[in-house]
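Asks: The following block contains the structure, expressed as structure tokens.
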Amino acid sequence: MRAAGLFALVIALIVLTGFTQSWNVALGIVNMGLVSAIMALGVNLQWGFAGLFNVGIMGFVALGGLAAVLIGQPPVGAAWEAGGPRVLGGLAIGLGVIAAAVILWRRLPAGRLRALVLLGVLIAGFFIYRGVFDPAVQAIEAVNAATQGYLGGLGLPILIAWPVGAVLAAVAAWAIGKTALGLRSDYLAIATLGIAEIIISVLRNEDWLARGVKNVIGLPRPVPYEVDLQQSPAFVERAAGVGLDPVVASTLAVKLAYTGLFAVILLLILWLSQSALASPWGRMMRAIRDNEVAAEAMGKNVKARHLQVFVLGSAICGLAGAMMTTLDGQLTPSSYQPLRFTFLVWVMVIVGGSGNNYGAILGGFLIWFLWVQVEPLGLWFMQTISDGLDPASPLRAHLLASAAHMRLFTMGILLLLVLRFSPRGLIPER
Amino acid sequence: MDFLNGLVTLLNFVVIPATAYGAQLALGALGVTLIYGILRFSNFAHGDTMAFGAMATILVTWGFQALGLHLWGLPTALLALPFGIAIAAALVIATDRTIYRFYRRQKVSPVILVIVSMGVMFVYNGIVRFVIGPDDQNFADGARFLISARDFRDLTGLDEGLAIRSSQAMTIVTAVIVVMVLFWFLNRTRTGKSMRAFSDNEDLALLSGINPERVVAITWIIVAALATVAGVLYGLDKSFKPFTYFQLLLPIFASAIVGGLGSPLGAIVGGFVVAFSEVTITYAWKKVLEYWLPATLEPQGLVQLLSTDYKFAVSFAILVIVLLFRPTGLFRGKSV
């Protein structure tokens with residue numbers, strides 16, 4: 001009952017936006033709300049089901065975005081000729097050195113000899129890797145640097161990027177989980193925070209991969225382009241039939257197409273999550289979350305289960321990241337900020353209700369709605385309270401200018417209030 | 001002569017900047033470690049506490065500058081520092097009373113407190129941006145250099161100059177004083193000893209009649225002081241921009257963990273380990289090696305191991321390496 005009422009409230013808020021602002025804004029909120037809800041479901045799987053504290057969501061989301069470029073963009077032939085195989089060779093050498101180091105570490109007896117051999121292998125390996133890798137990168141980045149300077153992608157339909165984004169995130173999560181899941185919860189948090197920063201700095205710097213801060217724009221779309229719709233007589237006629245301007249109708253149609261695609265994915269993941277929660281696996285995860293020692297004593301492999309759920313949850317975040325980059329049509333590594341892509345998702349999960357999939361979805365929509373609307377509301381509020389002030393006064397100017405920063409403040413207050421007065425969220429775990 | 005020139009280059013571009021940065025990180029990590037030791041959680045709001053303290057100091061500094069107060073060659077910010085500390089202390093004590101105390105009484109698990117501190121981080125971040133805006137603020141005044149590169153060249157006759165900015169010298173001197181006072185306080189005074197007892201064994205400390213609320217309040221005041229000093233020094237040395245303080249969270253956590261959470265000495269060592277590795281790994285060694293190596297071995301590239309944009313990655317890599325081999329840090333920190 002309560003859940004239905006809350007969902008009705010969010011829907012009413014979005015419909016109200018449609019009437020008072022514009023349906024384009026409302027649909028924009030719905031689309032990002034769907035993506036946010038998927039991220040929240042991924043985090044809920046880790047935190048709500050298993051009690052794993054992951055603050056590296058941004059990194060997994062960014063990997064999903066990378067997948068959109070690697071799959072959707074056409075390959076740059078000249079760049080491949082200039083240094084494609086050599087870059088791949090360099091990366092293979094790098095991986096080989098790490099693998100060799102791990103094997104040596106396991107095989108050699110502990111002692112000073114092992115440390116020296118290992119150090120030698122790593123240092124020599126690093127220089128060989130750089131020797132092969134660097135010239136190739138330079139050659140690639142020199143190819144038509146203003147618009148390309150990277151290897152491009154595979155030129156496949158961009159929908160394929162969505163599962164690929166999930167796989168990329170899963171691989172990264174596996175590597176982190178292997179090293180950090182044995183640590184205490186706080187350490188896991190800081191390890192994930194760190195890995196997210198590393199992923200973002202790689203995206204920003206490795207121009208051969210995805211153009212770095214020069215951004216990849218104009219990614220292919222799974223839905224029609226507005227211009228094409230406006231030129232199609234059938235569409236213009238149908239728009240006129242509903243009494244809409246063809247330009248507005250085309251933007252709405254494109255957004256609705258995304259809404260349909262995203263809603264299918266969200267429902268699929270919700271169904272999977274609900275089945276998981278109700279299954280013996282879900283009960284086992286919650287048993288481990290509530291009492292690790294007891295679960296271990298009953299023969300459950302806690303570490304393996306943690307790794308499993310960590311990989312699954314991160315994969316969902318990667319999927320959402322690929323969807324978001326597809327929606328934006330561009331990959332802009334500098335836009336990945338932890339406050340937005342990690343901590344805001346946490347606010348969604350905590351406010352919505354951790355351990356409850358519907359709660360996570362509600363949180364995704366509600367918090368995204370507020371994130372978008374707090375800024376105009378803040379501006380309106382500031383205008384109202386500074387109305388009596390002289391229009392030229394610096395205080396008034398300052399108040400109006402700082403309205404944009406009401407967002408973080410409001411989100412923090414909301415999080416603290418929910419944690420204090422309804423610690424299990426708006427829709428608590430059953 | 002070549003050897004000396006290389007050495008001066010090394011001092012100028014590696015040793016001095018890394019020492020100043022390490023001192024700033026160490027002060028930040030001391031705050032994180034004290035919270036971890038006494039209140040037993042990782043405080044995500046620490047970076048923004050630093051930003052808030054620095055902001056309060058900047059506002060007072062601007063006030064003093066407007067009044068015409070100054071400290072001769074030294075930055076006016078030093079005069080404003082005590083006021084900044086007092087304002088930051090008032091904020092964190094108020095936060096503790098309204099927010100953290102509730103959860104402390106309920107004895108919630110540490111990870112809940114971490115999430116609560118995320119909420120506090122949002123609020124502090126919002127307040128700072130609300131009051132001073134997200135842009136760069138310059139509040140440094142006084143002499144820019146203790147010794148400038150040209151003076152040094154004229155003085156010694158070497159080709160390379162050594163520049164010590166006054167903010168760097170001040171960072172190191174202030175950090176040494178603050179750390180000495182802190183260790184004296186923790187080891188010699190009654191309150192400090194009760195804090196350490198509380199950190200080592202809470203139940204035993206309570207039995208022996210230590211007032212936990214007083215210990216907690218004093219911890220927050222010390223943390224506010226450390227955070228403000230670190231924030232102001234960082235702001236004087238680099239520049240004050242609210243977002244960079246949030247980004248400092250990772251190297252600060254790395255320093256505290258590398259040293260061993262809960263160990264003040266570890267936090268200091270960790271700060272310097274992180275700072276020196278960041279600077280040496282992202283520094284282009286070409287110039288130094290040109291002086292030190294024979295002409296035949298002269299390097300062609302920049303001899304830079306990693307681009308400077310990877311510096312946060314370096315702190316994380318050190319963190320992982322240390323944790324793999326010593327799961328509780330170099331100085332055997334605690335784990336709750």
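Ligands are numbered from 1 in the order shown, residues from 1 within each chain, and chains are lettered A, B, ... in the order they appear in the structure tokens.
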What residues in chain B lie within 6 Å of chain A, counting only C-alpha atoms, written as number ranges by chain?
Replies: B: 119, 122-123, 126, 130, 313, 316
Asks: Would you save the residues from that selection as an mmCIF file, in the first residue's frame, using all heavy atoms?
Replies:
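Resulting contents of selection-v4.cif:
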```cif
data_model
loop_
_atom_site.group_PDB
_atom_site.id
_atom_site.type_symbol
_atom_site.label_atom_id
_atom_site.label_comp_id
_atom_site.auth_asym_id
_atom_site.auth_seq_id
_atom_site.Cartn_x
_atom_site.Cartn_y
_atom_site.Cartn_z
ATOM 1 N N GLY B 119 26.500 11.630 4.303
ATOM 2 C CA GLY B 119 25.488 12.691 4.335
ATOM 3 C C GLY B 119 26.080 13.994 4.840
ATOM 4 O O GLY B 119 25.831 15.075 4.280
ATOM 5 N N PHE B 122 28.060 15.677 2.121
ATOM 6 C CA PHE B 122 27.200 16.421 1.196
ATOM 7 C C PHE B 122 26.845 17.791 1.770
ATOM 8 O O PHE B 122 26.911 18.804 1.083
ATOM 9 C CB PHE B 122 25.897 15.641 0.963
ATOM 10 C CG PHE B 122 25.908 14.768 -0.253
ATOM 11 C CD1 PHE B 122 25.886 13.395 -0.134
ATOM 12 C CD2 PHE B 122 25.911 15.331 -1.506
ATOM 13 C CE1 PHE B 122 25.879 12.586 -1.251
ATOM 14 C CE2 PHE B 122 25.895 14.524 -2.634
ATOM 15 C CZ PHE B 122 25.882 13.144 -2.504
ATOM 16 N N VAL B 123 26.447 17.792 3.068
ATOM 17 C CA VAL B 123 25.988 19.045 3.668
ATOM 18 C C VAL B 123 27.149 20.042 3.763
ATOM 19 O O VAL B 123 27.011 21.210 3.367
ATOM 20 C CB VAL B 123 25.370 18.776 5.050
ATOM 21 C CG1 VAL B 123 25.033 20.081 5.744
ATOM 22 C CG2 VAL B 123 24.120 17.927 4.897
ATOM 23 N N GLY B 126 27.943 21.365 0.406
ATOM 24 C CA GLY B 126 26.945 22.347 0.001
ATOM 25 C C GLY B 126 27.169 23.687 0.696
ATOM 26 O O GLY B 126 27.111 24.746 0.062
ATOM 27 N N PHE B 130 28.015 27.104 -1.068
ATOM 28 C CA PHE B 130 26.988 28.121 -0.894
ATOM 29 C C PHE B 130 27.612 29.430 -0.434
ATOM 30 O O PHE B 130 27.293 30.507 -0.927
ATOM 31 C CB PHE B 130 25.976 27.614 0.131
ATOM 32 C CG PHE B 130 24.774 28.480 0.261
ATOM 33 C CD1 PHE B 130 23.771 28.418 -0.692
ATOM 34 C CD2 PHE B 130 24.639 29.346 1.323
ATOM 35 C CE1 PHE B 130 22.662 29.216 -0.582
ATOM 36 C CE2 PHE B 130 23.532 30.141 1.442
ATOM 37 C CZ PHE B 130 22.537 30.085 0.481
ATOM 38 N N ALA B 313 45.942 7.651 -8.750
ATOM 39 C CA ALA B 313 46.113 6.222 -8.973
ATOM 40 C C ALA B 313 47.309 5.704 -8.190
ATOM 41 O O ALA B 313 47.290 4.609 -7.645
ATOM 42 C CB ALA B 313 46.285 5.950 -10.464
ATOM 43 N N PHE B 316 46.532 5.070 -4.588
ATOM 44 C CA PHE B 316 45.739 3.859 -4.402
ATOM 45 C C PHE B 316 46.596 2.610 -4.579
ATOM 46 O O PHE B 316 46.461 1.640 -3.836
ATOM 47 C CB PHE B 316 44.575 3.845 -5.378
ATOM 48 C CG PHE B 316 43.819 2.572 -5.345
ATOM 49 C CD1 PHE B 316 43.061 2.260 -4.232
ATOM 50 C CD2 PHE B 316 43.876 1.679 -6.385
ATOM 51 C CE1 PHE B 316 42.372 1.070 -4.176
ATOM 52 C CE2 PHE B 316 43.188 0.495 -6.337
ATOM 53 C CZ PHE B 316 42.430 0.188 -5.237
#
```
Asks: Quick one: pick out all helix (DSSP H, G or I) residues within segment 117-222 of chain A from a backbone DSSP run and write them as JSON, numbers by chain.
Replies: {"A": [117, 118, 119, 120, 121, 122, 123, 124, 125, 126, 127, 128, 129, 130, 131, 132, 133, 134, 135, 136, 137, 138, 139, 140, 141, 142, 158, 159, 160, 161, 162, 163, 164, 165, 166, 167, 168, 169, 170, 171, 172, 173, 174, 175, 176, 177, 178, 179, 180, 185, 186, 187, 188, 189, 190, 191, 192, 193, 194, 195, 196, 197, 198, 199, 200, 201, 202, 203, 204, 205, 207, 208, 209, 210, 212, 213, 214]}
Asks: Excluding Gln308 of chain A and its own-chain neighbours fewer than 3 positions away, which residues fall within 10 Å of it when counting only C-alpha atoms? Please give them as a CSV table (one decimal) with N, CA, C and O atoms, in the first residue's frame.
Replies:
```
chain,number,residue,atom,x,y,z
A,46,GLN,N,24.4,-5.3,-3.9
A,46,GLN,CA,25.6,-5.4,-3.2
A,46,GLN,C,25.4,-5.1,-1.7
A,46,GLN,O,25.8,-5.8,-0.8
A,170,ALA,N,32.1,-6.2,-15.0
A,170,ALA,CA,32.2,-7.4,-14.2
A,170,ALA,C,33.7,-7.8,-14.1
A,170,ALA,O,34.1,-8.3,-13.0
A,173,ALA,N,35.3,-5.7,-11.6
A,173,ALA,CA,34.8,-6.0,-10.2
A,173,ALA,C,35.5,-7.3,-9.7
A,173,ALA,O,35.8,-7.4,-8.6
A,174,TRP,N,35.7,-8.2,-10.6
A,174,TRP,CA,36.3,-9.5,-10.2
A,174,TRP,C,37.7,-9.2,-9.8
A,174,TRP,O,38.2,-9.7,-8.7
A,177,GLY,N,37.5,-7.4,-6.4
A,177,GLY,CA,37.0,-8.4,-5.4
A,177,GLY,C,38.1,-9.3,-5.0
A,177,GLY,O,38.2,-9.6,-3.8
A,302,VAL,N,31.7,-17.8,2.3
A,302,VAL,CA,31.3,-16.4,2.4
A,302,VAL,C,32.1,-15.6,1.3
A,302,VAL,O,31.6,-14.8,0.6
A,303,LYS,N,33.4,-15.9,1.2
A,303,LYS,CA,34.2,-15.1,0.3
A,303,LYS,C,33.8,-15.3,-1.2
A,303,LYS,O,33.6,-14.3,-1.9
A,304,ALA,N,33.5,-16.5,-1.5
A,304,ALA,CA,33.1,-16.7,-2.9
A,304,ALA,C,31.7,-16.1,-3.2
A,304,ALA,O,31.5,-15.5,-4.2
A,305,ARG,N,30.8,-16.2,-2.2
A,305,ARG,CA,29.5,-15.5,-2.4
A,305,ARG,C,29.6,-14.0,-2.5
A,305,ARG,O,29.0,-13.4,-3.3
A,311,VAL,N,30.5,-8.9,-8.2
A,311,VAL,CA,30.6,-8.9,-9.7
A,311,VAL,C,29.2,-8.6,-10.3
A,311,VAL,O,29.1,-7.8,-11.2
A,312,LEU,N,28.2,-9.3,-9.8
A,312,LEU,CA,26.8,-9.1,-10.4
A,312,LEU,C,26.4,-7.7,-10.3
A,312,LEU,O,25.9,-7.1,-11.3
A,313,GLY,N,26.5,-7.1,-9.1
A,313,GLY,CA,26.0,-5.8,-8.9
A,313,GLY,C,26.8,-4.8,-9.7
A,313,GLY,O,26.2,-3.8,-10.3
```
Asks: Env of Ile252 of chain B: 9 Å cut, atoms = only C-alpha atoms, seq-sep filter 5 positions within chain, self excluded. Answer as a ChimeraX atom specification.
Replies: /B:25-30,32,47,257,267,270-271,274,315
Asks: Need the shell around Leu366 of chain A: protein/DNA/RNA residues with any atom at most 8 Å away, counting only C-alpha atoms. Skip same-chain ones fewer than 2 positions apart. Format as a CSV table (one decimal) with C-alpha atoms, in the first residue's frame?
Replies:
```csv
chain,number,residue,atom,x,y,z
A,10,VAL,CA,6.6,10.2,-7.9
A,33,GLY,CA,15.2,8.0,-13.6
A,348,MET,CA,19.0,6.7,-3.9
A,362,LEU,CA,11.6,4.5,-6.0
A,363,GLY,CA,14.8,6.0,-4.7
A,364,GLY,CA,16.3,6.2,-8.2
A,368,TRP,CA,16.8,12.0,-9.8
A,369,PHE,CA,13.6,14.1,-9.8
A,370,LEU,CA,14.8,16.2,-6.9
```
Asks: Find the residues near segment 249-252 of chain A: any atom within 7 Å, counting only C-alpha atoms, skip ones fewer than 5 places away on the same chain, and give them as JSON, numbers by chain.
Replies: {"A": [24, 226, 229, 230, 239, 244]}
Asks: Compile the contact shell of segment 297-300 of chain A as a VMD selection string: residues with an atom at most 10 Å away, counting only C-alpha atoms, same-chain residues fewer than 4 positions apart removed.
Replies: chain A and resid 284 to 285 287 to 288 292 to 293 304 to 305
Asks: Go ahead and save the residues from that selection, with C-alpha atoms, as a PDB file, in the first residue's frame.
Replies:
```pdb
ATOM      1  CA  MET A 284      21.719 -17.306   1.934  1.00  0.00           C
ATOM      2  CA  MET A 285      23.052 -13.854   0.938  1.00  0.00           C
ATOM      3  CA  ALA A 287      22.032 -14.777   6.167  1.00  0.00           C
ATOM      4  CA  ILE A 288      25.665 -14.010   5.333  1.00  0.00           C
ATOM      5  CA  GLU A 292      28.924 -13.832   8.591  1.00  0.00           C
ATOM      6  CA  VAL A 293      30.377 -16.060  11.291  1.00  0.00           C
ATOM      7  CA  ALA A 304      33.051 -16.747  -2.917  1.00  0.00           C
ATOM      8  CA  ARG A 305      29.477 -15.517  -2.404  1.00  0.00           C
TER       9      ARG A 305
END
```
Asks: So how far away is atom CA of Ala224 of chain B from atom CA of Ser239 of chain B, in Å?
Replies: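 Going from atom CA of Ser239 of chain B over to atom CA of Ala224 of chain B, I get 20.0 Å.
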Asks: Pick from A:Leu159, A:Ala295, A:Val76, A:Leu119: nearest to Ile140 of chain A, with only C-alpha atoms counted?
Replies: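 Among the listed residues, A:Val76 lies closest to Ile140 of chain A.
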Asks: Take atom CA of Leu113 of chain A and atom CA of Gly96 of chain A and report the distance between them in Å, one decimal.
Replies: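 About the pair atom CA of Leu113 of chain A and atom CA of Gly96 of chain A: they are 21.1 Å apart.
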Asks: Interatomic distance between atom CA of Leu181 of chain A and atom CA of Val349 of chain A?
Replies: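 Distance reported for this atom pair: 21.2 Å.
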